Amino acid sequence: MSENKEGYCLNTDGVGVNVSCIFPNGDKYEGQCSRSASGALVRSGIGKHTSASGIIYMGEWCEDKMLGRGSLQFPSGALYEGEFKDNMYHGSGTYIFPDGSVYRGHFCSDRLAGEGTFTDAQGLSWTGDFHGETALGLKLLHNL
């Protein structure tokens, strides 16, 4: 296994392998790679990518994209755990904001989309249909 200046993970046998790579921008990847159609090894399978800025993704990859189940942790303390598609939150998941508030529900292309529950930092919860930054008709859940 060696590294080249473009940041691709390379090996000599052409078989999917576990690798540990450091990219020129300081990003790191540890996990599974497979051979792409162009011949380069790409992240595919299970792996951990840590960006130079401290963002950590642990989960499933397919052809160098986050796809399937995983978690994305930000230096701010924000955390997403759930489904990914094409490097975006897509499907069911949970997003924890830096202030401790939580959204549990559906996502589409990195946006809140569909039925979900938002619990604020004080513990009040609302449920309803979310559409990006809007959520008309939310209902406050009573904790009795």
# chains A, B, ... in the order shown; residues from 1 in each chain; ligands from 1
>>> select_by_dssp(residues="chain A", states="strand (DSSP E or B)", output="PyMOL selection string")
chain A and resi 2-3+9-10+17-22+28-35+41-50+56-62+65-73+79-85+88-96+102-108+111-119+125-131+134+139-141
>>> residues_around(residues="range 86-91 of chain A", least_positions_apart="4", cutoff="8 Å", atoms="only C-alpha atoms", output="list of chain:residue names")
A:Lys65, A:Met66, A:Leu67, A:Gly82, A:His106, A:Phe107, A:Cys108, A:Ser109, A:Asp110, A:Arg111
>>> write_last_selection(atoms="all heavy atoms", output="JSON list (two decimals), in the first residue's frame")
[["chain", "number", "residue", "atom", "x", "y", "z"],
["A", 65, "LYS", "N", -18.29, 7.64, -1.59],
["A", 65, "LYS", "CA", -19.38, 8.45, -1.06],
["A", 65, "LYS", "C", -19.95, 7.81, 0.19],
["A", 65, "LYS", "O", -20.02, 6.58, 0.29],
["A", 65, "LYS", "CB", -20.50, 8.62, -2.09],
["A", 65, "LYS", "CG", -20.09, 9.47, -3.26],
["A", 65, "LYS", "CD", -21.26, 9.72, -4.17],
["A", 65, "LYS", "CE", -20.82, 10.60, -5.33],
["A", 65, "LYS", "NZ", -21.93, 10.90, -6.22],
["A", 66, "MET", "N", -20.38, 8.66, 1.16],
["A", 66, "MET", "CA", -21.08, 8.16, 2.33],
["A", 66, "MET", "C", -22.43, 7.63, 1.85],
["A", 66, "MET", "O", -23.20, 8.37, 1.23],
["A", 66, "MET", "CB", -21.28, 9.28, 3.35],
["A", 66, "MET", "CG", -19.98, 9.82, 3.91],
["A", 66, "MET", "SD", -20.20, 11.17, 5.11],
["A", 66, "MET", "CE", -20.67, 12.52, 4.04],
["A", 67, "LEU", "N", -22.68, 6.34, 2.08],
["A", 67, "LEU", "CA", -23.91, 5.71, 1.61],
["A", 67, "LEU", "C", -24.24, 4.57, 2.55],
["A", 67, "LEU", "O", -23.42, 3.67, 2.76],
["A", 67, "LEU", "CB", -23.72, 5.17, 0.19],
["A", 67, "LEU", "CG", -24.94, 4.47, -0.42],
["A", 67, "LEU", "CD1", -26.04, 5.48, -0.71],
["A", 67, "LEU", "CD2", -24.56, 3.74, -1.69],
["A", 82, "GLY", "N", -27.45, 8.15, 11.38],
["A", 82, "GLY", "CA", -28.55, 7.66, 10.58],
["A", 82, "GLY", "C", -28.12, 7.25, 9.20],
["A", 82, "GLY", "O", -26.99, 6.79, 8.99],
["A", 106, "HIS", "N", -37.11, 12.04, 9.59],
["A", 106, "HIS", "CA", -36.68, 11.79, 8.21],
["A", 106, "HIS", "C", -35.92, 12.99, 7.65],
["A", 106, "HIS", "O", -36.18, 14.14, 8.00],
["A", 106, "HIS", "CB", -37.88, 11.46, 7.34],
["A", 106, "HIS", "CG", -38.53, 10.17, 7.74],
["A", 106, "HIS", "ND1", -38.05, 8.96, 7.33],
["A", 106, "HIS", "CD2", -39.58, 9.91, 8.54],
["A", 106, "HIS", "CE1", -38.79, 7.99, 7.85],
["A", 106, "HIS", "NE2", -39.73, 8.55, 8.58],
["A", 107, "PHE", "N", -34.98, 12.66, 6.77],
["A", 107, "PHE", "CA", -34.16, 13.64, 6.07],
["A", 107, "PHE", "C", -34.21, 13.34, 4.58],
["A", 107, "PHE", "O", -34.35, 12.19, 4.18],
["A", 107, "PHE", "CB", -32.70, 13.55, 6.53],
["A", 107, "PHE", "CG", -32.47, 13.94, 7.95],
["A", 107, "PHE", "CD1", -32.72, 13.05, 8.98],
["A", 107, "PHE", "CD2", -31.99, 15.21, 8.27],
["A", 107, "PHE", "CE1", -32.49, 13.41, 10.30],
["A", 107, "PHE", "CE2", -31.78, 15.57, 9.58],
["A", 107, "PHE", "CZ", -32.03, 14.67, 10.60],
["A", 108, "CYS", "N", -34.07, 14.39, 3.78],
["A", 108, "CYS", "CA", -33.96, 14.23, 2.34],
["A", 108, "CYS", "C", -32.95, 15.26, 1.85],
["A", 108, "CYS", "O", -33.14, 16.47, 2.05],
["A", 108, "CYS", "CB", -35.31, 14.44, 1.66],
["A", 108, "CYS", "SG", -35.24, 14.19, -0.12],
["A", 109, "SER", "N", -31.87, 14.80, 1.26],
["A", 109, "SER", "CA", -30.82, 15.68, 0.72],
["A", 109, "SER", "C", -30.36, 16.72, 1.74],
["A", 109, "SER", "O", -30.36, 17.92, 1.47],
["A", 109, "SER", "CB", -31.32, 16.36, -0.56],
["A", 109, "SER", "OG", -31.66, 15.39, -1.52],
["A", 110, "ASP", "N", -29.99, 16.28, 2.92],
["A", 110, "ASP", "CA", -29.46, 17.12, 4.01],
["A", 110, "ASP", "C", -30.49, 18.02, 4.68],
["A", 110, "ASP", "O", -30.13, 18.91, 5.44],
["A", 110, "ASP", "CB", -28.29, 18.00, 3.53],
["A", 110, "ASP", "CG", -26.95, 17.29, 3.62],
["A", 110, "ASP", "OD1", -26.87, 16.21, 4.23],
["A", 110, "ASP", "OD2", -25.98, 17.83, 3.08],
["A", 111, "ARG", "N", -31.76, 17.84, 4.40],
["A", 111, "ARG", "CA", -32.79, 18.70, 4.98],
["A", 111, "ARG", "C", -33.80, 17.87, 5.77],
["A", 111, "ARG", "O", -34.08, 16.72, 5.41],
["A", 111, "ARG", "CB", -33.50, 19.49, 3.89],
["A", 111, "ARG", "CG", -32.54, 20.40, 3.11],
["A", 111, "ARG", "CD", -33.23, 21.17, 2.02],
["A", 111, "ARG", "NE", -34.25, 22.07, 2.53],
["A", 111, "ARG", "CZ", -34.04, 23.35, 2.82],
["A", 111, "ARG", "NH1", -32.87, 23.88, 2.64],
["A", 111, "ARG", "NH2", -35.03, 24.10, 3.26]]
>>> atom_distance(atom1="CA of Ala121 in chain A", atom2="CA of Gly59 in chain A")
27.4 Å
>>> residues_around(residues="range 41-45 of chain A", least_positions_apart="5", cutoff="6 Å", atoms="only C-alpha atoms", output="JSON, numbers by chain")
{"A": [9, 10, 32, 33, 34, 35, 36, 60, 61, 62, 63, 64]}
>>> write_last_selection(atoms="all heavy atoms", output="compact mmCIF listing (two decimals), in the first residue's frame")
# COMPACT_ATOMS: atom_id res chain seq x y z
N CYS A 9 -5.99 5.99 -2.33
CA CYS A 9 -5.43 4.83 -1.64
C CYS A 9 -5.04 3.82 -2.71
O CYS A 9 -5.86 3.47 -3.54
CB CYS A 9 -6.46 4.20 -0.71
SG CYS A 9 -7.19 5.33 0.47
N LEU A 10 -3.82 3.37 -2.72
CA LEU A 10 -3.37 2.43 -3.74
C LEU A 10 -2.81 1.16 -3.12
O LEU A 10 -2.22 1.19 -2.06
CB LEU A 10 -2.28 3.08 -4.61
CG LEU A 10 -2.65 4.35 -5.35
CD1 LEU A 10 -1.43 4.92 -6.06
CD2 LEU A 10 -3.76 4.08 -6.36
N GLN A 32 -12.05 0.21 4.60
CA GLN A 32 -12.05 -0.63 3.41
C GLN A 32 -12.05 0.21 2.14
O GLN A 32 -12.66 1.27 2.08
CB GLN A 32 -13.27 -1.54 3.44
CG GLN A 32 -13.27 -2.48 4.64
CD GLN A 32 -14.58 -3.22 4.79
OE1 GLN A 32 -15.64 -2.75 4.41
NE2 GLN A 32 -14.49 -4.42 5.37
N CYS A 33 -11.34 -0.27 1.14
CA CYS A 33 -11.31 0.33 -0.19
C CYS A 33 -11.54 -0.78 -1.21
O CYS A 33 -11.29 -1.95 -0.94
CB CYS A 33 -9.95 0.98 -0.48
SG CYS A 33 -9.71 2.59 0.27
N SER A 34 -12.00 -0.37 -2.40
CA SER A 34 -12.11 -1.31 -3.52
C SER A 34 -11.68 -0.59 -4.78
O SER A 34 -11.55 0.62 -4.82
CB SER A 34 -13.55 -1.85 -3.65
OG SER A 34 -14.43 -0.80 -3.99
N ARG A 35 -11.47 -1.35 -5.83
CA ARG A 35 -11.00 -0.81 -7.11
C ARG A 35 -12.16 -0.17 -7.86
O ARG A 35 -13.20 -0.77 -8.06
CB ARG A 35 -10.39 -1.95 -7.92
CG ARG A 35 -9.78 -1.57 -9.21
CD ARG A 35 -8.43 -0.93 -9.16
NE ARG A 35 -7.43 -1.69 -8.45
CZ ARG A 35 -6.30 -1.14 -8.02
NH1 ARG A 35 -6.06 0.13 -8.24
NH2 ARG A 35 -5.42 -1.85 -7.37
N SER A 36 -12.00 1.09 -8.31
CA SER A 36 -13.02 1.77 -9.11
C SER A 36 -12.87 1.37 -10.58
O SER A 36 -11.90 0.72 -10.96
CB SER A 36 -12.88 3.28 -8.98
OG SER A 36 -11.74 3.74 -9.69
N GLU A 60 -20.62 3.48 6.52
CA GLU A 60 -20.57 2.79 5.24
C GLU A 60 -20.23 3.75 4.10
O GLU A 60 -20.69 4.90 4.08
CB GLU A 60 -21.91 2.11 4.96
CG GLU A 60 -22.26 1.05 5.98
CD GLU A 60 -23.64 0.47 5.79
OE1 GLU A 60 -24.61 1.24 5.73
OE2 GLU A 60 -23.73 -0.78 5.71
N TRP A 61 -19.42 3.24 3.17
CA TRP A 61 -19.00 3.97 1.98
C TRP A 61 -19.32 3.15 0.75
O TRP A 61 -19.29 1.92 0.79
CB TRP A 61 -17.48 4.20 1.99
CG TRP A 61 -16.99 5.09 3.08
CD1 TRP A 61 -16.65 4.73 4.35
CD2 TRP A 61 -16.77 6.49 2.99
NE1 TRP A 61 -16.23 5.82 5.05
CE2 TRP A 61 -16.29 6.92 4.25
CE3 TRP A 61 -16.92 7.44 1.98
CZ2 TRP A 61 -15.96 8.25 4.51
CZ3 TRP A 61 -16.60 8.76 2.24
CH2 TRP A 61 -16.13 9.15 3.49
N CYS A 62 -19.55 3.84 -0.37
CA CYS A 62 -19.68 3.17 -1.65
C CYS A 62 -19.10 4.10 -2.72
O CYS A 62 -19.59 5.23 -2.88
CB CYS A 62 -21.13 2.85 -1.96
SG CYS A 62 -21.31 1.93 -3.52
N GLU A 63 -18.06 3.65 -3.37
CA GLU A 63 -17.39 4.42 -4.42
C GLU A 63 -17.07 5.85 -3.99
O GLU A 63 -17.42 6.82 -4.66
CB GLU A 63 -18.22 4.39 -5.71
CG GLU A 63 -18.33 2.99 -6.26
CD GLU A 63 -19.12 2.90 -7.55
OE1 GLU A 63 -19.58 3.94 -8.05
OE2 GLU A 63 -19.28 1.78 -8.04
N ASP A 64 -16.44 5.98 -2.84
CA ASP A 64 -15.97 7.25 -2.27
C ASP A 64 -17.07 8.17 -1.78
O ASP A 64 -16.84 9.35 -1.55
CB ASP A 64 -15.08 8.01 -3.27
CG ASP A 64 -13.61 7.95 -2.88
OD1 ASP A 64 -13.28 7.37 -1.83
OD2 ASP A 64 -12.79 8.49 -3.62
>>> atom_distance(atom1="CA of Arg104 in chain A", atom2="CA of Ser92 in chain A")
7.7 Å
>>> residues_around(residues="Thr117 in chain A", least_positions_apart="2", cutoff="12 Å", atoms="only C-alpha atoms", output="VMD selection string")
chain A and resid 92 to 96 101 to 107 112 to 115 119 to 120 123 to 130 135 138 to 141
>>> residues_around(residues="Ile55 in chain A", least_positions_apart="3", cutoff="9 Å", atoms="only C-alpha atoms", output="PyMOL selection string")
chain A and resi 49-52+72-75
>>> atom_distance(atom1="CA of Lys48 in chain A", atom2="CA of Phe118 in chain A")
28.3 Å
